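Engineer: Have a peek at run.pdb (PDB, C-alpha atoms (C1' of nucleotides)).
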```pdb
ATOM      1  CA  MET G   1       9.969 -66.660  93.338
ATOM      2  CA  LYS G   2      10.328 -68.796  90.302
ATOM      3  CA  THR G   3      10.438 -67.303  86.891
ATOM      4  CA  SER G   4       7.457 -68.418  84.875
ATOM      5  CA  ALA G   5       7.314 -68.987  81.151
ATOM      6  CA  ARG G   6       5.083 -66.687  79.217
ATOM      7  CA  LYS G   7       2.816 -67.603  76.404
ATOM      8  CA  THR G   8       3.742 -65.720  73.286
ATOM      9  CA  ARG G   9       2.592 -65.640  69.710
ATOM     10  CA  GLN G  10       6.028 -66.838  68.551
ATOM     11  CA  ARG G  11       6.207 -69.846  70.838
ATOM     12  CA  GLU G  12       2.716 -70.878  69.854
ATOM     13  CA  ALA G  13       3.617 -70.622  66.190
ATOM     14  CA  ILE G  14       6.715 -72.730  66.755
ATOM     15  CA  ARG G  15       4.850 -75.508  68.537
ATOM     16  CA  GLU G  16       2.191 -75.499  65.866
ATOM     17  CA  ALA G  17       4.785 -75.658  63.142
ATOM     18  CA  PHE G  18       6.246 -78.817  64.637
ATOM     19  CA  GLU G  19       2.853 -80.381  65.180
ATOM     20  CA  ALA G  20       1.810 -79.628  61.634
ATOM     21  CA  SER G  21       4.999 -81.029  60.141
ATOM     22  CA  GLU G  22       5.383 -84.715  59.482
ATOM     23  CA  ARG G  23       9.105 -84.342  58.998
ATOM     24  CA  PRO G  24      12.017 -82.914  60.984
ATOM     25  CA  LEU G  25      12.718 -79.217  60.521
ATOM     26  CA  THR G  26      15.877 -77.163  60.543
ATOM     27  CA  ILE G  27      15.876 -73.812  62.294
ATOM     28  CA  GLU G  28      15.653 -72.190  58.905
ATOM     29  CA  GLU G  29      12.680 -74.305  57.886
ATOM     30  CA  LEU G  30      11.111 -73.594  61.254
ATOM     31  CA  VAL G  31      11.442 -69.839  60.897
ATOM     32  CA  GLU G  32       9.760 -70.160  57.544
ATOM     33  CA  ALA G  33       7.029 -72.471  58.790
ATOM     34  CA  ALA G  34       6.309 -70.373  61.865
ATOM     35  CA  GLY G  35       5.762 -67.309  59.763
ATOM     36  CA  GLY G  36       8.668 -65.055  60.429
ATOM     37  CA  VAL G  37       9.883 -65.384  63.962
ATOM     38  CA  GLY G  38      13.440 -64.238  64.566
ATOM     39  CA  VAL G  39      16.156 -66.847  64.345
ATOM     40  CA  ALA G  40      17.288 -66.091  67.872
ATOM     41  CA  THR G  41      13.796 -66.773  69.097
ATOM     42  CA  ALA G  42      13.665 -69.980  67.126
ATOM     43  CA  TYR G  43      16.941 -71.191  68.607
ATOM     44  CA  ARG G  44      15.808 -70.312  72.111
ATOM     45  CA  ALA G  45      12.420 -71.949  71.772
ATOM     46  CA  VAL G  46      13.933 -75.117  70.341
ATOM     47  CA  ALA G  47      16.479 -75.250  73.154
ATOM     48  CA  ALA G  48      13.670 -75.039  75.695
ATOM     49  CA  LEU G  49      11.599 -77.677  73.929
ATOM     50  CA  LEU G  50      14.594 -79.988  73.791
ATOM     51  CA  GLU G  51      15.133 -79.364  77.471
ATOM     52  CA  GLU G  52      11.642 -80.474  78.336
ATOM     53  CA  GLU G  53      11.940 -83.332  75.832
ATOM     54  CA  TRP G  54       9.079 -82.160  73.705
ATOM     55  CA  LEU G  55      11.512 -82.203  70.786
ATOM     56  CA  GLU G  56      14.315 -84.490  69.726
ATOM     57  CA  PRO G  57      17.281 -83.659  67.512
ATOM     58  CA  VAL G  58      17.767 -85.337  64.138
ATOM     59  CA  GLU G  59      21.319 -85.059  62.947
ATOM     60  CA  ILE G  60      22.497 -85.732  59.423
ATOM     61  CA  PRO G  61      26.197 -85.382  58.627
ATOM     62  CA  GLY G  62      27.081 -82.173  56.872
ATOM     63  CA  GLU G  63      23.721 -80.562  57.492
ATOM     64  CA  PRO G  64      22.296 -78.273  60.141
ATOM     65  CA  ALA G  65      20.458 -79.983  62.971
ATOM     66  CA  ARG G  66      16.807 -80.784  62.552
ATOM     67  CA  TYR G  67      14.193 -81.318  65.226
ATOM     68  CA  GLU G  68      10.981 -83.270  65.521
ATOM     69  CA  ARG G  69       8.370 -84.147  68.103
ATOM     70  CA  SER G  70       9.653 -86.695  70.564
ATOM     71  CA  GLY G  71       7.732 -89.745  71.616
ATOM     72  CA  LYS G  72       7.192 -91.060  68.139
ATOM     73  CA  LYS G  73       7.425 -94.745  67.433
ATOM     74  CA  HIS G  74      10.983 -95.906  66.805
ATOM     75  CA  HIS G  75      11.960 -94.836  63.332
ATOM     76  CA  HIS G  76      14.777 -93.554  61.172
ATOM     77  CA  HIS G  77      15.341 -91.013  58.433
ATOM     78  CA  PHE G  78      15.654 -90.513  54.737
ATOM     79  CA  SER G  79      17.617 -87.598  53.341
ATOM     80  CA  CYS G  80      16.710 -86.460  49.836
ATOM     81  CA  GLU G  81      19.815 -85.355  48.000
ATOM     82  CA  ARG G  82      17.823 -83.209  45.635
ATOM     83  CA  CYS G  83      15.327 -81.207  47.683
ATOM     84  CA  ALA G  84      17.398 -81.484  50.872
ATOM     85  CA  ARG G  85      14.392 -82.455  52.949
ATOM     86  CA  VAL G  86      14.526 -85.195  55.543
ATOM     87  CA  PHE G  87      11.689 -87.688  55.984
ATOM     88  CA  ASP G  88      10.786 -90.186  58.627
ATOM     89  CA  VAL G  89      10.921 -93.821  57.658
ATOM     90  CA  SER G  90       8.994 -96.156  59.896
ATOM     91  CA  GLY G  91      10.317 -99.331  61.384
ATOM     92  CA  CYS G  92      13.807-100.640  61.836
ATOM     93  CA  SER G  93      15.543-103.954  61.546
ATOM     94  CA  GLU G  94      16.243-103.995  65.236
ATOM     95  CA  ASN G  95      19.092-106.477  64.949
ATOM     96  CA  VAL G  96      21.430-103.729  63.802
ATOM     97  CA  ARG G  97      22.548-103.571  67.412
ATOM     98  CA  LYS G  98      23.957-107.034  67.044
ATOM     99  CA  LEU G  99      26.500-105.844  64.529
ATOM    100  CA  ALA G 100      28.672-104.421  67.252
ATOM    101  CA  PRO G 101      31.814-106.364  68.180
ATOM    102  CA  PRO G 102      31.864-108.307  71.451
ATOM    103  CA  ARG G 103      32.217-106.220  74.587
ATOM    104  CA  PHE G 104      31.014-103.098  72.809
ATOM    105  CA  ARG G 105      28.030-101.601  74.557
ATOM    106  CA  VAL G 106      25.462-100.184  72.166
ATOM    107  CA  LYS G 107      23.312 -97.451  73.633
ATOM    108  CA  ALA G 108      21.741 -96.035  70.511
ATOM    109  CA  HIS G 109      21.795 -96.377  66.776
ATOM    110  CA  ALA G 110      20.883 -94.382  63.725
ATOM    111  CA  VAL G 111      19.987 -95.515  60.247
ATOM    112  CA  THR G 112      19.995 -92.944  57.501
ATOM    113  CA  LEU G 113      18.932 -93.592  53.946
ATOM    114  CA  TYR G 114      20.073 -91.372  51.105
ATOM    115  CA  GLY G 115      18.561 -90.939  47.684
ATOM    116  CA  LEU G 116      15.574 -89.302  46.088
ATOM    117  CA  CYS G 117      12.207 -88.784  47.722
ATOM    118  CA  SER G 118       9.056 -89.674  45.854
ATOM    119  CA  ALA G 119       8.572 -86.134  44.590
ATOM    120  CA  CYS G 120      12.133 -85.877  43.293
ATOM    121  CA  ALA G 121      12.409 -89.434  41.974
ATOM    122  CA  ARG G 122      10.504 -88.906  38.761
TER     123      ARG G 122
ATOM    124  CA  MET V 123      53.206 -81.184  29.911
ATOM    125  CA  LYS V 124      51.539 -82.881  32.761
ATOM    126  CA  THR V 125      52.471 -82.120  36.272
ATOM    127  CA  SER V 126      53.729 -85.193  38.056
ATOM    128  CA  ALA V 127      53.214 -86.107  41.678
ATOM    129  CA  ARG V 128      56.305 -86.329  43.774
ATOM    130  CA  LYS V 129      57.084 -88.854  46.411
ATOM    131  CA  THR V 130      57.600 -87.174  49.729
ATOM    132  CA  ARG V 131      58.219 -88.264  53.276
ATOM    133  CA  GLN V 132      54.890 -86.764  54.369
ATOM    134  CA  ARG V 133      52.780 -88.527  51.779
ATOM    135  CA  GLU V 134      54.398 -91.808  52.552
ATOM    136  CA  ALA V 135      53.720 -91.311  56.237
ATOM    137  CA  ILE V 136      50.089 -90.493  55.531
ATOM    138  CA  ARG V 137      49.510 -93.590  53.393
ATOM    139  CA  GLU V 138      51.210 -95.733  55.976
ATOM    140  CA  ALA V 139      49.127 -94.245  58.747
ATOM    141  CA  PHE V 140      45.938 -95.226  56.951
ATOM    142  CA  GLU V 141      47.223 -98.695  56.150
ATOM    143  CA  ALA V 142      48.275 -99.249  59.726
ATOM    144  CA  SER V 143      44.959 -98.065  61.145
ATOM    145  CA  GLU V 144      42.020-100.402  61.411
ATOM    146  CA  ARG V 145      39.674 -97.508  62.039
ATOM    147  CA  PRO V 146      38.787 -94.238  60.304
ATOM    148  CA  LEU V 147      40.914 -91.236  61.179
ATOM    149  CA  THR V 148      40.176 -87.551  61.478
ATOM    150  CA  ILE V 149      42.672 -85.061  60.091
ATOM    151  CA  GLU V 150      43.802 -84.426  63.622
ATOM    152  CA  GLU V 151      44.317 -88.121  64.317
ATOM    153  CA  LEU V 152      46.101 -88.432  61.010
ATOM    154  CA  VAL V 153      48.528 -85.630  61.768
ATOM    155  CA  GLU V 154      49.283 -87.377  65.029
ATOM    156  CA  ALA V 155      49.618 -90.823  63.474
ATOM    157  CA  ALA V 156      51.776 -89.598  60.618
ATOM    158  CA  GLY V 157      54.223 -88.063  63.042
ATOM    159  CA  GLY V 158      53.822 -84.379  62.698
ATOM    160  CA  VAL V 159      52.972 -83.399  59.183
ATOM    161  CA  GLY V 160      51.342 -79.997  58.791
ATOM    162  CA  VAL V 161      47.582 -79.861  58.798
ATOM    163  CA  ALA V 162      47.527 -78.198  55.394
ATOM    164  CA  THR V 163      49.565 -81.072  54.016
ATOM    165  CA  ALA V 164      47.247 -83.576  55.628
ATOM    166  CA  TYR V 165      44.178 -81.925  54.117
ATOM    167  CA  ARG V 166      45.801 -81.802  50.698
ATOM    168  CA  ALA V 167      46.970 -85.387  50.767
ATOM    169  CA  VAL V 168      43.565 -86.618  51.902
ATOM    170  CA  ALA V 169      41.857 -84.622  49.162
ATOM    171  CA  ALA V 170      44.111 -86.235  46.591
ATOM    172  CA  LEU V 171      43.559 -89.721  48.003
ATOM    173  CA  LEU V 172      39.809 -89.167  47.962
ATOM    174  CA  GLU V 173      40.106 -88.000  44.388
ATOM    175  CA  GLU V 174      41.786 -91.197  43.320
ATOM    176  CA  GLU V 175      39.388 -93.181  45.515
ATOM    177  CA  TRP V 176      42.091 -94.629  47.671
ATOM    178  CA  LEU V 177      40.189 -93.192  50.644
ATOM    179  CA  GLU V 178      36.538 -92.845  51.523
ATOM    180  CA  PRO V 179      34.943 -90.352  53.894
ATOM    181  CA  VAL V 180      33.225 -91.483  57.075
ATOM    182  CA  GLU V 181      30.869 -88.865  58.414
ATOM    183  CA  ILE V 182      29.377 -88.818  61.884
ATOM    184  CA  PRO V 183      27.012 -85.997  62.838
ATOM    185  CA  GLY V 184      28.617 -83.316  64.952
ATOM    186  CA  GLU V 185      32.136 -84.554  64.376
ATOM    187  CA  PRO V 186      34.880 -83.731  61.937
ATOM    188  CA  ALA V 187      35.115 -85.979  58.889
ATOM    189  CA  ARG V 188      37.068 -89.185  59.118
ATOM    190  CA  TYR V 189      38.659 -91.179  56.321
ATOM    191  CA  GLU V 190      39.497 -94.796  55.729
ATOM    192  CA  ARG V 191      40.823 -97.056  52.985
ATOM    193  CA  SER V 192      38.258 -97.639  50.306
ATOM    194  CA  GLY V 193      37.438-101.020  48.866
ATOM    195  CA  LYS V 194      36.650-102.618  52.184
ATOM    196  CA  LYS V 195      33.802-105.034  52.497
ATOM    197  CA  HIS V 196      30.464-103.348  53.144
ATOM    198  CA  HIS V 197      30.379-102.240  56.740
ATOM    199  CA  HIS V 198      29.239 -99.547  59.115
ATOM    200  CA  HIS V 199      30.550 -97.678  62.124
ATOM    201  CA  PHE V 200      30.504 -97.459  65.859
ATOM    202  CA  SER V 201      31.161 -94.174  67.608
ATOM    203  CA  CYS V 202      32.441 -94.361  71.175
ATOM    204  CA  GLU V 203      30.978 -91.554  73.211
ATOM    205  CA  ARG V 204      33.785 -91.722  75.723
ATOM    206  CA  CYS V 205      37.065 -91.914  73.798
ATOM    207  CA  ALA V 206      35.556 -90.349  70.678
ATOM    208  CA  ARG V 207      37.056 -92.955  68.404
ATOM    209  CA  VAL V 208      35.132 -94.514  65.547
ATOM    210  CA  PHE V 209      35.357 -98.225  64.763
ATOM    211  CA  ASP V 210      34.319-100.346  61.847
ATOM    212  CA  VAL V 211      31.573-102.855  62.437
ATOM    213  CA  SER V 212      31.317-105.623  59.897
ATOM    214  CA  GLY V 213      28.185-106.713  58.162
ATOM    215  CA  CYS V 214      24.842-105.069  57.704
ATOM    216  CA  SER V 215      21.252-106.116  57.727
ATOM    217  CA  GLU V 216      20.901-105.294  54.087
ATOM    218  CA  ASN V 217      17.134-105.005  54.252
ATOM    219  CA  VAL V 218      17.415-101.540  55.745
ATOM    220  CA  ARG V 219      16.881-100.273  52.220
ATOM    221  CA  LYS V 220      13.395-101.696  52.311
ATOM    222  CA  LEU V 221      12.391 -99.311  55.056
ATOM    223  CA  ALA V 222      11.985 -96.486  52.591
ATOM    224  CA  PRO V 223       8.444 -95.504  51.637
ATOM    225  CA  PRO V 224       7.124 -96.479  48.213
ATOM    226  CA  ARG V 225       8.493 -94.460  45.310
ATOM    227  CA  PHE V 226      11.500 -93.352  47.311
ATOM    228  CA  ARG V 227      14.723 -94.289  45.592
ATOM    229  CA  VAL V 228      17.456 -95.381  47.974
ATOM    230  CA  LYS V 229      20.961 -94.876  46.674
ATOM    231  CA  ALA V 230      22.962 -95.340  49.843
ATOM    232  CA  HIS V 231      22.551 -95.903  53.527
ATOM    233  CA  ALA V 232      24.502 -95.509  56.718
ATOM    234  CA  VAL V 233      24.161 -97.275  60.022
ATOM    235  CA  THR V 234      25.889 -95.774  63.011
ATOM    236  CA  LEU V 235      25.999 -97.320  66.456
ATOM    237  CA  TYR V 236      26.658 -95.236  69.538
ATOM    238  CA  GLY V 237      27.849 -96.361  72.932
ATOM    239  CA  LEU V 238      31.024 -97.505  74.596
ATOM    240  CA  CYS V 239      33.822 -99.395  72.886
ATOM    241  CA  SER V 240      35.292-102.457  74.561
ATOM    242  CA  ALA V 241      38.091-100.467  76.157
ATOM    243  CA  CYS V 242      35.749 -97.854  77.588
ATOM    244  CA  ALA V 243      32.929-100.244  78.559
ATOM    245  CA  ARG V 244      34.458-101.491  81.780
TER     246      ARG V 244
ATOM    247  C1'  DC X 245      -4.630 -49.798  83.993
ATOM    248  C1'  DG X 246       0.145 -49.756  85.211
ATOM    249  C1'  DC X 247       4.275 -51.931  86.259
ATOM    250  C1'  DT X 248       7.664 -55.489  86.396
ATOM    251  C1'  DT X 249      10.247 -58.511  83.932
ATOM    252  C1'  DA X 250      10.280 -62.206  80.451
ATOM    253  C1'  DT X 251      10.678 -62.185  75.602
ATOM    254  C1'  DT X 252      11.787 -60.728  71.116
ATOM    255  C1'  DG X 253      14.863 -59.862  67.282
ATOM    256  C1'  DA X 254      18.541 -57.432  64.745
ATOM    257  C1'  DT X 255      23.043 -58.077  64.885
ATOM    258  C1'  DA X 256      27.713 -58.876  66.915
ATOM    259  C1'  DT X 257      30.370 -62.505  68.356
ATOM    260  C1'  DT X 258      32.133 -67.120  68.881
ATOM    261  C1'  DA X 259      33.428 -71.736  67.465
ATOM    262  C1'  DG X 260      34.665 -75.493  64.457
ATOM    263  C1'  DC X 261      36.344 -76.964  60.251
ATOM    264  C1'  DG X 262      38.307 -76.455  56.138
ATOM    265  C1'  DT X 263      40.760 -73.646  52.238
ATOM    266  C1'  DA X 264      43.971 -70.038  50.380
ATOM    267  C1'  DT X 265      48.267 -67.712  50.687
ATOM    268  C1'  DC X 266      53.022 -67.493  50.147
ATOM    269  C1'  DA X 267      57.741 -67.818  51.603
ATOM    270  C1'  DT X 268      60.673 -71.743  52.200
ATOM    271  C1'  DT X 269      62.060 -76.430  51.311
ATOM    272  C1'  DT X 270      62.728 -80.432  48.502
ATOM    273  C1'  DG X 271      62.161 -83.977  44.783
ATOM    274  C1'  DC X 272      64.155 -85.089  40.744
ATOM    275  C1'  DA X 273      65.622 -84.685  35.950
ATOM    276  C1'  DA X 274      69.108 -82.802  32.910
TER     277       DA X 274
ATOM    278  C1'  DT M 275      75.396 -80.332  40.872
ATOM    279  C1'  DT M 276      72.133 -77.223  39.473
ATOM    280  C1'  DG M 277      67.626 -75.368  38.468
ATOM    281  C1'  DC M 278      62.890 -75.231  38.720
ATOM    282  C1'  DA M 279      58.388 -76.707  39.647
ATOM    283  C1'  DA M 280      56.016 -79.340  43.221
ATOM    284  C1'  DA M 281      55.316 -79.710  47.946
ATOM    285  C1'  DT M 282      55.351 -78.189  52.648
ATOM    286  C1'  DG M 283      53.639 -75.684  56.631
ATOM    287  C1'  DA M 284      52.621 -71.605  59.489
ATOM    288  C1'  DT M 285      48.966 -68.845  59.456
ATOM    289  C1'  DA M 286      45.450 -65.779  57.491
ATOM    290  C1'  DC M 287      41.042 -66.195  55.813
ATOM    291  C1'  DG M 288      36.192 -67.892  54.859
ATOM    292  C1'  DC M 289      32.050 -70.296  55.765
ATOM    293  C1'  DT M 290      28.250 -72.058  58.391
ATOM    294  C1'  DA M 291      25.969 -72.897  62.555
ATOM    295  C1'  DA M 292      24.932 -71.412  66.866
ATOM    296  C1'  DT M 293      25.245 -68.210  71.018
ATOM    297  C1'  DA M 294      25.541 -63.594  73.332
ATOM    298  C1'  DT M 295      24.188 -58.773  73.520
ATOM    299  C1'  DC M 296      20.971 -55.323  74.480
ATOM    300  C1'  DA M 297      17.453 -51.983  73.417
ATOM    301  C1'  DA M 298      12.640 -52.323  72.392
ATOM    302  C1'  DT M 299       8.352 -54.839  73.136
ATOM    303  C1'  DA M 300       4.699 -57.127  75.429
ATOM    304  C1'  DA M 301       2.761 -60.785  78.872
ATOM    305  C1'  DG M 302       0.187 -60.953  82.721
ATOM    306  C1'  DC M 303      -0.272 -60.051  87.799
ATOM    307  C1'  DG M 304      -2.090 -56.937  91.258
TER     308       DG M 304
END
```
Before anything else, please render the file you have as structure tokens.

Structural biologist:
Amino acid sequence: MKTSARKTRQREAIREAFEASERPLTIEELVEAAGGVGVATAYRAVAALLEEEWLEPVEIPGEPARYERSGKKHHHHFSCERCARVFDVSGCSENVRKLAPPRFRVKAHAVTLYGLCSACAR
Amino acid sequence: MKTSARKTRQREAIREAFEASERPLTIEELVEAAGGVGVATAYRAVAALLEEEWLEPVEIPGEPARYERSGKKHHHHFSCERCARVFDVSGCSENVRKLAPPRFRVKAHAVTLYGLCSACAR
DNA sequence: CGCTTATTGATATTAGCGTATCATTTGCAA
DNA sequence: TTGCAAATGATACGCTAATATCAATAAGCG
């Protein structure tokens, strides 16, 4: 027999938290947003959602990993140095791939902007 | 009295390692390249060189910090997923700053390419 | 309902990276 | 050459993020 996944209050809350958020969340932010699930549960649920590609990781140097719904239109991220939140920025000058030296094979790229978000800028 | 910096074999080796390298180095790579200085010494020397802005950090998510000579022409980086080395890539589509939403204030940006370097691509 | 077993969650543990400690070595000025 | 503060380096320690443990809880099938 195959082990089947059960539907729990915590997993529902976690999915809803991601669907309600327009920006990537850290585990800590997720625990907060999902209304007090345990961190272990949060890590496990995220691992499963990554596995089934319902989530994608968003990595910023020096910060804990964030996660967001996969399947979004190609985009990049903005990291606010003041409130420490990360935002999606739409679009991408797609010719960044062409920067690579000859014979280098580019499989992915990331563009990260740093500065102040609209709320922190004033 | 002011404390004066002394000229040592290790510090010379570390500066030379950075000048001889055309790519950013981790502490581990530096220790190797400088011919067996202690890691504590490497960390201290790098901290001092960052302080005087002779070096700049190069951060890639999920990897230890790398460092390279500062004052180079604006450029970005390529991370080889096979040999784990990081290379400079020249140029930049400078309009990446314009991706930010209105009212966001962009102070810096980073572009990182991922894939296989020329040596690993074949 | 009752039972089996997945799931939860507090917490212990691990892992990676960097810093602090401190006895020993070494630059360098008198 | 000598003396002393700066520097080195082996290693202990600290921090943060993430995983493993395991007793208690609860999903959901029959």

Engineer: Taking only residues of chain G that have an atom at most 8 Å from an atom of chain V, what is each one's shortest atom pair and its distance in Å to one decimal, using only C-alpha atoms, in chain and number order, as CSV?

Structural biologist:
```
residue,atom,partner,partner_atom,distance
G:Glu59,CA,V:Pro183,CA,5.8
G:Ile60,CA,V:Pro183,CA,5.7
G:Pro61,CA,V:Pro183,CA,4.3
G:Gly62,CA,V:Pro183,CA,7.1
G:Phe78,CA,V:Ala222,CA,7.3
G:Val89,CA,V:Ala222,CA,5.8
G:Ser90,CA,V:Leu221,CA,6.7
G:Gly91,CA,V:Leu221,CA,6.7
G:Cys92,CA,V:Leu221,CA,7.1
G:Ser93,CA,V:Val218,CA,6.6
G:Asn95,CA,V:Ser215,CA,7.5
G:Val96,CA,V:Ser215,CA,6.5
G:Arg97,CA,V:Leu235,CA,7.2
G:Leu99,CA,V:Val211,CA,6.2
G:Ala100,CA,V:Val211,CA,5.8
G:Pro101,CA,V:Val211,CA,6.7
G:Pro102,CA,V:Ser240,CA,7.5
G:Arg103,CA,V:Ser240,CA,4.9
G:Phe104,CA,V:Cys239,CA,4.6
G:Arg105,CA,V:Leu238,CA,5.1
G:Val106,CA,V:Gly237,CA,4.6
G:Lys107,CA,V:Gly237,CA,4.7
G:Ala108,CA,V:Tyr236,CA,5.1
G:His109,CA,V:Leu235,CA,4.3
G:Ala110,CA,V:Thr234,CA,5.2
G:Val111,CA,V:Val233,CA,4.5
G:Thr112,CA,V:Ala232,CA,5.2
G:Leu113,CA,V:His231,CA,4.3
G:Tyr114,CA,V:Ala230,CA,5.1
G:Gly115,CA,V:Val228,CA,4.6
G:Leu116,CA,V:Arg227,CA,5.1
G:Cys117,CA,V:Phe226,CA,4.6
G:Ser118,CA,V:Phe226,CA,4.7
G:Ala121,CA,V:Arg227,CA,6.5
```

Engineer: Least-squares superposition of chain V on chain G, every Cα paired in order: what RMSD, in Å?

Structural biologist: 0.1 Å

Engineer: Figure out the distance between atom CA of G:Glu56 and atom CA of V:Ala206, please, to one decimal in Å.

Structural biologist: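 So the two atoms, atom CA of V:Ala206 and atom CA of G:Glu56, lie 22.1 Å apart.
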
Engineer: Apply the PyMOL selection byres ((chain V) within 12 of (chain M)) to the file shown and report the selected residues as a PyMOL selection string.

Structural biologist: chain V and resi 123-133+158-167+184

Engineer: Output C-alpha atoms of each residue in that selection to a file, as a PDB file, keeping the file's coordinate frame.

Structural biologist:
```pdb
ATOM      1  CA  MET V 123      53.206 -81.184  29.911  1.00  0.00           C
ATOM      2  CA  LYS V 124      51.539 -82.881  32.761  1.00  0.00           C
ATOM      3  CA  THR V 125      52.471 -82.120  36.272  1.00  0.00           C
ATOM      4  CA  SER V 126      53.729 -85.193  38.056  1.00  0.00           C
ATOM      5  CA  ALA V 127      53.214 -86.107  41.678  1.00  0.00           C
ATOM      6  CA  ARG V 128      56.305 -86.329  43.774  1.00  0.00           C
ATOM      7  CA  LYS V 129      57.084 -88.854  46.411  1.00  0.00           C
ATOM      8  CA  THR V 130      57.600 -87.174  49.729  1.00  0.00           C
ATOM      9  CA  ARG V 131      58.219 -88.264  53.276  1.00  0.00           C
ATOM     10  CA  GLN V 132      54.890 -86.764  54.369  1.00  0.00           C
ATOM     11  CA  ARG V 133      52.780 -88.527  51.779  1.00  0.00           C
ATOM     12  CA  GLY V 158      53.822 -84.379  62.698  1.00  0.00           C
ATOM     13  CA  VAL V 159      52.972 -83.399  59.183  1.00  0.00           C
ATOM     14  CA  GLY V 160      51.342 -79.997  58.791  1.00  0.00           C
ATOM     15  CA  VAL V 161      47.582 -79.861  58.798  1.00  0.00           C
ATOM     16  CA  ALA V 162      47.527 -78.198  55.394  1.00  0.00           C
ATOM     17  CA  THR V 163      49.565 -81.072  54.016  1.00  0.00           C
ATOM     18  CA  ALA V 164      47.247 -83.576  55.628  1.00  0.00           C
ATOM     19  CA  TYR V 165      44.178 -81.925  54.117  1.00  0.00           C
ATOM     20  CA  ARG V 166      45.801 -81.802  50.698  1.00  0.00           C
ATOM     21  CA  ALA V 167      46.970 -85.387  50.767  1.00  0.00           C
ATOM     22  CA  GLY V 184      28.617 -83.316  64.952  1.00  0.00           C
TER      23      GLY V 184
END
```

Engineer: Please compute the atom CA of G:Ala47-atom CA of G:Arg23 distance, one decimal, in Å.

Structural biologist: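 Atom CA of G:Arg23 lies 18.4 Å from atom CA of G:Ala47.
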
Engineer: How many Å lie between atom CA of G:Glu68 and atom CA of G:Leu50, rounded to one decimal?

Structural biologist: 9.6 Å

Engineer: With the PyMOL selection byres ((chain X) within 9 of (chain V)) as the selection, what would be picked from this file? Answer as a ChimeraX atom specification, please.

Structural biologist: /X:260-263,270-272

Engineer: Write out as a list in words the residues lying within 10 Å of G:Glu22, counting all atoms listed in the file and excluding same-chain residues fewer than 2 positions away.

Structural biologist: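 So, after excluding close chain neighbours, the residues are Ala17, Phe18, Glu19, Ala20, Pro24, Leu25, Glu68, Arg69, Val86, Phe87 and Asp88 of chain G.
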
Engineer: Just write the chosen residues, C-alpha atoms, as a PDB file, in the frame of the given file.

Structural biologist:
```pdb
ATOM      1  CA  ALA G  17       4.785 -75.658  63.142  1.00  0.00           C
ATOM      2  CA  PHE G  18       6.246 -78.817  64.637  1.00  0.00           C
ATOM      3  CA  GLU G  19       2.853 -80.381  65.180  1.00  0.00           C
ATOM      4  CA  ALA G  20       1.810 -79.628  61.634  1.00  0.00           C
ATOM      5  CA  PRO G  24      12.017 -82.914  60.984  1.00  0.00           C
ATOM      6  CA  LEU G  25      12.718 -79.217  60.521  1.00  0.00           C
ATOM      7  CA  GLU G  68      10.981 -83.270  65.521  1.00  0.00           C
ATOM      8  CA  ARG G  69       8.370 -84.147  68.103  1.00  0.00           C
ATOM      9  CA  VAL G  86      14.526 -85.195  55.543  1.00  0.00           C
ATOM     10  CA  PHE G  87      11.689 -87.688  55.984  1.00  0.00           C
ATOM     11  CA  ASP G  88      10.786 -90.186  58.627  1.00  0.00           C
TER      12      ASP G  88
END
```

Engineer: Starting from the sparse input, extend stretch 36-45 of chain G to N, CA and C atoms and give the output as a PDB file, in the frame of the given file.

Structural biologist:
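Output saved as result-v4.pdb:
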```
ATOM      1  N   GLY G  36       7.857 -66.218  60.143  1.00  0.00           N
ATOM      2  CA  GLY G  36       8.668 -65.055  60.429  1.00  0.00           C
ATOM      3  C   GLY G  36       8.918 -64.733  61.879  1.00  0.00           C
ATOM      4  N   VAL G  37       9.342 -65.703  62.642  1.00  0.00           N
ATOM      5  CA  VAL G  37       9.883 -65.384  63.962  1.00  0.00           C
ATOM      6  C   VAL G  37      11.372 -65.165  63.767  1.00  0.00           C
ATOM      7  N   GLY G  38      12.006 -64.459  64.688  1.00  0.00           N
ATOM      8  CA  GLY G  38      13.440 -64.238  64.566  1.00  0.00           C
ATOM      9  C   GLY G  38      14.219 -65.519  64.790  1.00  0.00           C
ATOM     10  N   VAL G  39      15.388 -65.614  64.190  1.00  0.00           N
ATOM     11  CA  VAL G  39      16.156 -66.847  64.345  1.00  0.00           C
ATOM     12  C   VAL G  39      16.580 -67.051  65.796  1.00  0.00           C
ATOM     13  N   ALA G  40      16.894 -65.962  66.468  1.00  0.00           N
ATOM     14  CA  ALA G  40      17.288 -66.091  67.872  1.00  0.00           C
ATOM     15  C   ALA G  40      16.151 -66.694  68.682  1.00  0.00           C
ATOM     16  N   THR G  41      14.973 -66.227  68.417  1.00  0.00           N
ATOM     17  CA  THR G  41      13.796 -66.773  69.097  1.00  0.00           C
ATOM     18  C   THR G  41      13.616 -68.246  68.773  1.00  0.00           C
ATOM     19  N   ALA G  42      13.813 -68.584  67.528  1.00  0.00           N
ATOM     20  CA  ALA G  42      13.665 -69.980  67.126  1.00  0.00           C
ATOM     21  C   ALA G  42      14.679 -70.857  67.858  1.00  0.00           C
ATOM     22  N   TYR G  43      15.919 -70.421  67.903  1.00  0.00           N
ATOM     23  CA  TYR G  43      16.941 -71.191  68.607  1.00  0.00           C
ATOM     24  C   TYR G  43      16.579 -71.346  70.081  1.00  0.00           C
ATOM     25  N   ARG G  44      16.137 -70.253  70.685  1.00  0.00           N
ATOM     26  CA  ARG G  44      15.808 -70.312  72.111  1.00  0.00           C
ATOM     27  C   ARG G  44      14.633 -71.238  72.381  1.00  0.00           C
ATOM     28  N   ALA G  45      13.607 -71.117  71.553  1.00  0.00           N
ATOM     29  CA  ALA G  45      12.420 -71.949  71.772  1.00  0.00           C
ATOM     30  C   ALA G  45      12.767 -73.425  71.601  1.00  0.00           C
TER      31      ALA G  45
END
```
